[in-house]
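So the structure is just underneath, and the comments pick up after that.
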Protein chains: 2
Amino acid sequence: MRQGIELLFFAYRDFTAEPDAILAEYGFGRAHHRVVHFVGRHPQMTVGELLGILRITKQSLNRVLGQLVRQGFVVQHQGAQDRRQRLLELTDKGRELERRLSAPQRARVADAFRAAGGAAVDGFRKVLLGIIADEDDRRRFAWRPPPRRE
Amino acid sequence: MRQGIELLFFAYRDFTAEPDAILAEYGFGRAHHRVVHFVGRHPQMTVGELLGILRITKQSLNRVLGQLVRQGFVVQHQGAQDRRQRLLELTDKGRELERRLSAPQRARVADAFRAAGGAAVDGFRKVLLGIIADEDDRRRFAWRPPPRRE
DNA sequence: CAGATAAGTCAACATGGCTGACATAAAAAG
DNA sequence: CTTTTTATGTCAGCCATGTTGACTTATCTG
């Protein structure tokens with residue numbers, strides 16, 4: 001039990017170490033990575049949705065999001081149905097940053113998956129899903145909707 | 001792949017949320033939790049060993065460790081063979097804090113393990129072990145492997 | 001129109017990383 | 001025995017990123 005707790009600590013520590021080094025080149029931190037990741041995964045998401053995922057205040061988010069927008073990694077445009085919303089999307093430059101940041105993480109997870117085998121990957125997913133507290137967040141992982149092209 | 005990355009983010013976020021609330025009662029932060037956890041798991045560990053695990057600077061560690069010592073959660077005593085070392089140990093008060101902090105985590109992980117089943121737990125361990133970069137850190141988790149044909 | 005909501009902003013503050021410089025005691029090396 | 005290295009502690013300051021609280025603007029909704 002306590003071993004499981006400790007595994008999470010070590011895995012998360014090493015999981016974030018490589019991207020952190022890349023972020024430092026840009027003068028960014030882990031918070032920027034999280035924004036770039038989620039905006040990349042959910043194009044056209046609203047600021048409110050992002051706040052709900054990250055569980056931070058809008059003042060904290062705006063500091064990093066503002067930097068990303070001003071430096072051309074993220075663009076915002078007015079929502080169609082609700083013009084109060086600012087829909088978020090990565091620019092080409094933002095997608096390039098996302099790719100660089102996620103590359104070592106994808107490699108690390110891919111190696112771990114390959115070494116552990118398919119059954120272990122299923123178990124990994126099941127346990128982590130069980131650790132996630134929020135039902136809505138768990139639903140994100142219910143199944144993989146195929147990428148839609150429009 | 002990217003789903004696995006995201007699972008780690010959400011699980012770690014929810015995994016740390018409950019202890020964080022308890023820590024706030026004491027005016028402590030997540031850094032104090034890490035120290036209390038590892039000192040609790042490895043009584044008589046040295047400051048240097050703790051630094052190696054946490055991968056932070058001694059200045060950062062001393063800020064939180066100093067508070068824990070001054071407030072009577074941790075005691076230090078001189079090493080027997082090497083008297084330069086300050087061996088760390090929890091006091092009764094420290095053990096009580098550790099117990100309170102780990103209780104929601106143990107409950108959360110226990111529920112997740114129970115819901116996922118024993119095979120899933122094995123997979124969870126294998127994958128997280130694969131994500132850990134450092135060989136010495138992986139060795140901490142030497143476990144009795146189940147009979148397994150490959 | 002009135003009130004609620006999405007987003008942005010300003011100010012102040014806390015935590016916990018970091019670097020760099022320096023101090024002390026004890027061990028290890030010569 | 002003297003010198004060097006190691007383990008630890010400490011001071012000072014910087015930075016990233018979280019917080020609360022107050023307030024604005026634009027827009028949607030009843």
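Numbering starts fresh at 1 for the residues of each chain in the structure tokens, the chains themselves are lettered A, B, ... in the order given, and ligands are numbered from 1 as they appear.
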Taking only residues of chain D that have an atom at most 10 Å from an atom of chain A, what is each one's shortest atom pair and its distance in Å to one decimal, using only C-alpha atoms (C1' of nucleotides), in chain and number order, as a tab-separated table?
residue	atom	partner	partner_atom	distance
D:DA16	C1'	A:Gly29	CA	6.7
D:DT17	C1'	A:Ser60	CA	7.0
D:DG18	C1'	A:Ser60	CA	6.8
D:DT19	C1'	A:Thr57	CA	8.1
D:DT20	C1'	A:Thr57	CA	10.0
D:DA26	C1'	A:Arg84	CA	6.6
D:DT27	C1'	A:Arg84	CA	5.6
D:DC28	C1'	A:Asp82	CA	7.4
Please identify every residue of chain B that has at least one atom no more than 9 Å from any atom of chain A, counting only C-alpha atoms, and report them as a PyMOL selection string. chain B and resi 1-15+34+37-38+41+53-55+102+105-106+108-134+137-138+141
Preceding selection exported with C-alpha atoms as a PDB file, in the first residue's frame:
ATOM      1  CA  MET B   1       0.072   6.929 -24.914  1.00  0.00           C
ATOM      2  CA  ARG B   2      -0.994  10.519 -24.318  1.00  0.00           C
ATOM      3  CA  GLN B   3      -3.831   9.086 -22.297  1.00  0.00           C
ATOM      4  CA  GLY B   4      -1.328   7.454 -20.000  1.00  0.00           C
ATOM      5  CA  ILE B   5       0.433  10.791 -19.579  1.00  0.00           C
ATOM      6  CA  GLU B   6      -2.843  12.482 -18.715  1.00  0.00           C
ATOM      7  CA  LEU B   7      -3.831   9.734 -16.275  1.00  0.00           C
ATOM      8  CA  LEU B   8      -0.687  10.439 -14.316  1.00  0.00           C
ATOM      9  CA  PHE B   9      -1.543  14.133 -14.139  1.00  0.00           C
ATOM     10  CA  PHE B  10      -5.083  13.595 -12.863  1.00  0.00           C
ATOM     11  CA  ALA B  11      -4.163  10.805 -10.466  1.00  0.00           C
ATOM     12  CA  TYR B  12      -1.318  12.798  -8.949  1.00  0.00           C
ATOM     13  CA  ARG B  13      -3.503  15.892  -8.651  1.00  0.00           C
ATOM     14  CA  ASP B  14      -6.227  14.028  -6.736  1.00  0.00           C
ATOM     15  CA  PHE B  15      -3.716  11.967  -4.814  1.00  0.00           C
ATOM     16  CA  ARG B  34       7.396  14.383   1.566  1.00  0.00           C
ATOM     17  CA  HIS B  37       6.766  10.360   4.588  1.00  0.00           C
ATOM     18  CA  PHE B  38      10.337   9.370   3.795  1.00  0.00           C
ATOM     19  CA  ARG B  41       9.560   4.989   5.994  1.00  0.00           C
ATOM     20  CA  ILE B  53      15.506  10.981  -2.851  1.00  0.00           C
ATOM     21  CA  LEU B  54      13.786  14.335  -3.033  1.00  0.00           C
ATOM     22  CA  ARG B  55      16.190  15.759  -5.642  1.00  0.00           C
ATOM     23  CA  SER B 102      -1.229   9.157   4.684  1.00  0.00           C
ATOM     24  CA  GLN B 105      -3.925   8.403   0.451  1.00  0.00           C
ATOM     25  CA  ARG B 106      -3.917   4.874   1.806  1.00  0.00           C
ATOM     26  CA  ARG B 108      -7.709   6.133  -1.947  1.00  0.00           C
ATOM     27  CA  VAL B 109      -5.072   3.694  -3.150  1.00  0.00           C
ATOM     28  CA  ALA B 110      -6.665   0.805  -1.257  1.00  0.00           C
ATOM     29  CA  ASP B 111     -10.036   1.496  -2.897  1.00  0.00           C
ATOM     30  CA  ALA B 112      -8.409   1.730  -6.305  1.00  0.00           C
ATOM     31  CA  PHE B 113      -6.496  -1.519  -5.734  1.00  0.00           C
ATOM     32  CA  ARG B 114      -9.589  -3.315  -4.502  1.00  0.00           C
ATOM     33  CA  ALA B 115     -11.706  -2.108  -7.412  1.00  0.00           C
ATOM     34  CA  ALA B 116      -9.060  -2.948  -9.998  1.00  0.00           C
ATOM     35  CA  GLY B 117      -8.053  -6.364  -8.716  1.00  0.00           C
ATOM     36  CA  GLY B 118      -4.740  -8.050  -8.009  1.00  0.00           C
ATOM     37  CA  ALA B 119      -3.655  -8.488 -11.599  1.00  0.00           C
ATOM     38  CA  ALA B 120      -4.236  -4.802 -12.251  1.00  0.00           C
ATOM     39  CA  VAL B 121      -2.160  -3.913  -9.200  1.00  0.00           C
ATOM     40  CA  ASP B 122       0.733  -5.922 -10.586  1.00  0.00           C
ATOM     41  CA  GLY B 123       0.429  -4.084 -13.869  1.00  0.00           C
ATOM     42  CA  PHE B 124       0.259  -0.729 -12.117  1.00  0.00           C
ATOM     43  CA  ARG B 125       3.495  -1.530 -10.284  1.00  0.00           C
ATOM     44  CA  LYS B 126       5.273  -2.765 -13.371  1.00  0.00           C
ATOM     45  CA  VAL B 127       4.426   0.288 -15.440  1.00  0.00           C
ATOM     46  CA  LEU B 128       5.276   2.814 -12.736  1.00  0.00           C
ATOM     47  CA  LEU B 129       8.553   1.019 -12.082  1.00  0.00           C
ATOM     48  CA  GLY B 130       9.317   1.324 -15.778  1.00  0.00           C
ATOM     49  CA  ILE B 131       8.670   5.058 -15.653  1.00  0.00           C
ATOM     50  CA  ILE B 132      11.163   5.579 -12.822  1.00  0.00           C
ATOM     51  CA  ALA B 133      14.426   6.625 -14.395  1.00  0.00           C
ATOM     52  CA  ASP B 134      16.938   5.839 -11.706  1.00  0.00           C
ATOM     53  CA  ASP B 137      15.276   4.196  -6.969  1.00  0.00           C
ATOM     54  CA  ARG B 138      13.754   1.223  -8.769  1.00  0.00           C
ATOM     55  CA  PHE B 141      10.686  -1.546  -4.782  1.00  0.00           C
TER      56      PHE B 141
END
Dump as a compact mmCIF listing (two decimals) with N, CA and C atoms (P, O5', C5', C4', C3', O3' and C1' of nucleotides), in the first residue's frame the residues of chain C that approach chain A to within 10 Å, counting only C-alpha atoms (C1' of nucleotides).
# COMPACT_ATOMS: atom_id res chain seq x y z
P DT C 5 -24.83 32.40 -12.59
O5' DT C 5 -23.82 32.60 -13.81
C5' DT C 5 -24.32 32.45 -15.14
C4' DT C 5 -23.25 32.88 -16.10
C3' DT C 5 -21.86 32.33 -15.74
O3' DT C 5 -21.39 31.69 -16.92
C1' DT C 5 -21.77 34.63 -16.21
P DA C 6 -20.05 30.84 -16.92
O5' DA C 6 -19.10 31.75 -17.83
C5' DA C 6 -19.37 31.91 -19.22
C4' DA C 6 -18.21 32.64 -19.85
C3' DA C 6 -16.84 32.11 -19.42
O3' DA C 6 -16.01 32.00 -20.58
C1' DA C 6 -17.05 34.43 -18.87
P DA C 7 -14.54 31.46 -20.42
O5' DA C 7 -13.73 32.81 -20.16
C5' DA C 7 -13.81 33.83 -21.16
C4' DA C 7 -13.18 35.10 -20.64
C3' DA C 7 -11.75 34.99 -20.15
O3' DA C 7 -10.90 35.56 -21.13
C1' DA C 7 -13.08 36.49 -18.83
P DG C 8 -9.34 35.65 -20.90
O5' DG C 8 -9.16 37.04 -20.14
C5' DG C 8 -9.54 38.23 -20.82
C4' DG C 8 -9.27 39.42 -19.94
C3' DG C 8 -7.85 39.49 -19.38
O3' DG C 8 -7.32 40.76 -19.71
C1' DG C 8 -9.43 39.81 -17.65
P DT C 9 -5.80 41.11 -19.47
O5' DT C 9 -5.88 41.86 -18.06
C5' DT C 9 -6.69 43.01 -17.95
C4' DT C 9 -6.62 43.52 -16.53
C3' DT C 9 -5.20 43.50 -15.93
O3' DT C 9 -4.84 44.83 -15.64
C1' DT C 9 -6.82 42.71 -14.40
Which of A:Gln44, A:Val36, A:Leu51, A:Glu18 sits closest to Ala80 of chain A [using only C-alpha atoms]: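 For Ala80 of chain A, the nearest of the candidates is A:Gln44.
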Atom CA of Val74 of chain A to atom CA of Gly94 of chain A, distance in Å rounded to a single decimal: 6.1 Å
Strand (DSSP E or B) per DSSP on the backbone: members of chain A, as a VMD selection string: chain A and resid 45 74 to 78 86 to 90
Counting only C-alpha atoms (C1' of nucleotides), what is within 12 Å of DC22 of chain C, bar same-chain residues fewer than 5 positions away, as a PyMOL selection string? chain D and resi 9-12
Kindly save the residues from that selection, with N, CA and C atoms (P, O5', C5', C4', C3', O3' and C1' of nucleotides) included, as a PDB file, in the first residue's frame.
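Once everything was written out, this is selection-v9.pdb:
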ATOM      1  P    DG D   9      21.599  19.408   9.126  1.00  0.00           P
ATOM      2  O5'  DG D   9      22.125  20.912   9.195  1.00  0.00           O
ATOM      3  C5'  DG D   9      22.987  21.297  10.264  1.00  0.00           C
ATOM      4  C4'  DG D   9      23.351  22.764  10.120  1.00  0.00           C
ATOM      5  C3'  DG D   9      22.167  23.690   9.863  1.00  0.00           C
ATOM      6  O3'  DG D   9      22.214  24.729  10.822  1.00  0.00           O
ATOM      7  C1'  DG D   9      23.897  24.117   8.300  1.00  0.00           C
ATOM      8  P    DT D  10      20.978  25.704  11.007  1.00  0.00           P
ATOM      9  O5'  DT D  10      21.456  27.007  10.214  1.00  0.00           O
ATOM     10  C5'  DT D  10      22.755  27.544  10.469  1.00  0.00           C
ATOM     11  C4'  DT D  10      23.028  28.678   9.497  1.00  0.00           C
ATOM     12  C3'  DT D  10      21.789  29.517   9.132  1.00  0.00           C
ATOM     13  O3'  DT D  10      22.049  30.853   9.471  1.00  0.00           O
ATOM     14  C1'  DT D  10      23.050  28.991   7.221  1.00  0.00           C
ATOM     15  P    DC D  11      20.829  31.921   9.616  1.00  0.00           P
ATOM     16  O5'  DC D  11      21.249  33.025   8.543  1.00  0.00           O
ATOM     17  C5'  DC D  11      22.587  33.549   8.558  1.00  0.00           C
ATOM     18  C4'  DC D  11      22.825  34.332   7.285  1.00  0.00           C
ATOM     19  C3'  DC D  11      21.589  35.112   6.819  1.00  0.00           C
ATOM     20  O3'  DC D  11      21.934  36.450   6.497  1.00  0.00           O
ATOM     21  C1'  DC D  11      22.406  33.725   5.075  1.00  0.00           C
ATOM     22  P    DA D  12      20.706  37.514   6.282  1.00  0.00           P
ATOM     23  O5'  DA D  12      21.212  38.268   4.967  1.00  0.00           O
ATOM     24  C5'  DA D  12      22.267  37.772   4.155  1.00  0.00           C
ATOM     25  C4'  DA D  12      21.884  37.835   2.687  1.00  0.00           C
ATOM     26  C3'  DA D  12      20.510  38.439   2.382  1.00  0.00           C
ATOM     27  O3'  DA D  12      20.647  39.467   1.404  1.00  0.00           O
ATOM     28  C1'  DA D  12      20.739  36.365   1.282  1.00  0.00           C
TER      29       DA D  12
END
Within 10 Å of Val69 of chain B using only C-alpha atoms (C1' of nucleotides), minus same-chain residues under 6 positions, as a tab-separated table (two decimals) with C-alpha atoms, in the first residue's frame:
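Wrote around_39.tsv, looks like this:
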chain	number	residue	atom	x	y	z
B	62	ASN	CA	16.55	22.75	5.34
B	75	VAL	CA	14.48	14.56	15.80
B	76	GLN	CA	18.07	14.42	14.65
B	88	LEU	CA	16.54	11.60	11.10
B	89	GLU	CA	13.60	10.05	12.90
B	90	LEU	CA	9.98	10.91	13.54
B	91	THR	CA	8.82	11.72	17.05
B	94	GLY	CA	5.64	13.21	13.77
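Once chain A is fitted onto chain B using all Cα atoms matched in sequence order, the root-mean-square deviation is 5.2 Å.
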Between atom CA of Arg139 of chain B and atom CA of Gly40 of chain B, what distance in Å does the model show, to one decimal?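 Between atom CA of Arg139 of chain B and atom CA of Gly40 of chain B the gap works out to 18.6 Å.
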List every residue of segment 70-102 of chain A that DSSP, applied to the backbone, labels as helix (DSSP H, G or I), and write the result as a PDB file with N, CA and C atoms, in the first residue's frame.
ATOM      1  N   ARG A  70       0.829  36.012 -25.564  1.00  0.00           N
ATOM      2  CA  ARG A  70       1.661  37.138 -26.019  1.00  0.00           C
ATOM      3  C   ARG A  70       2.857  36.663 -26.829  1.00  0.00           C
ATOM      4  N   ASP A  92       1.073  26.980 -34.654  1.00  0.00           N
ATOM      5  CA  ASP A  92       2.092  26.035 -35.112  1.00  0.00           C
ATOM      6  C   ASP A  92       3.249  26.003 -34.124  1.00  0.00           C
ATOM      7  N   LYS A  93       3.641  27.196 -33.695  1.00  0.00           N
ATOM      8  CA  LYS A  93       4.717  27.318 -32.713  1.00  0.00           C
ATOM      9  C   LYS A  93       4.355  26.595 -31.406  1.00  0.00           C
ATOM     10  N   GLY A  94       3.089  26.701 -31.017  1.00  0.00           N
ATOM     11  CA  GLY A  94       2.629  26.024 -29.807  1.00  0.00           C
ATOM     12  C   GLY A  94       2.630  24.518 -29.970  1.00  0.00           C
ATOM     13  N   ARG A  95       2.227  24.067 -31.148  1.00  0.00           N
ATOM     14  CA  ARG A  95       2.227  22.620 -31.404  1.00  0.00           C
ATOM     15  C   ARG A  95       3.644  22.072 -31.396  1.00  0.00           C
ATOM     16  N   GLU A  96       4.567  22.871 -31.915  1.00  0.00           N
ATOM     17  CA  GLU A  96       5.975  22.453 -31.906  1.00  0.00           C
ATOM     18  C   GLU A  96       6.489  22.342 -30.467  1.00  0.00           C
ATOM     19  N   LEU A  97       6.131  23.313 -29.646  1.00  0.00           N
ATOM     20  CA  LEU A  97       6.532  23.256 -28.234  1.00  0.00           C
ATOM     21  C   LEU A  97       5.921  22.028 -27.562  1.00  0.00           C
ATOM     22  N   GLU A  98       4.636  21.805 -27.812  1.00  0.00           N
ATOM     23  CA  GLU A  98       3.962  20.653 -27.209  1.00  0.00           C
ATOM     24  C   GLU A  98       4.658  19.356 -27.603  1.00  0.00           C
ATOM     25  N   ARG A  99       5.019  19.278 -28.873  1.00  0.00           N
ATOM     26  CA  ARG A  99       5.678  18.076 -29.367  1.00  0.00           C
ATOM     27  C   ARG A  99       7.014  17.861 -28.669  1.00  0.00           C
ATOM     28  N   ARG A 100       7.769  18.954 -28.524  1.00  0.00           N
ATOM     29  CA  ARG A 100       9.073  18.828 -27.863  1.00  0.00           C
ATOM     30  C   ARG A 100       8.915  18.392 -26.405  1.00  0.00           C
ATOM     31  N   LEU A 101       7.941  19.005 -25.723  1.00  0.00           N
ATOM     32  CA  LEU A 101       7.765  18.704 -24.299  1.00  0.00           C
ATOM     33  C   LEU A 101       7.289  17.282 -24.078  1.00  0.00           C
ATOM     34  N   SER A 102       6.386  16.839 -24.952  1.00  0.00           N
ATOM     35  CA  SER A 102       5.800  15.525 -24.709  1.00  0.00           C
ATOM     36  C   SER A 102       6.690  14.401 -25.220  1.00  0.00           C
TER      37      SER A 102
END
Just give me the gap between atom CA of Ala103 of chain A and atom CA of Glu135 of chain B in Å, one decimal is fine. 21.5 Å
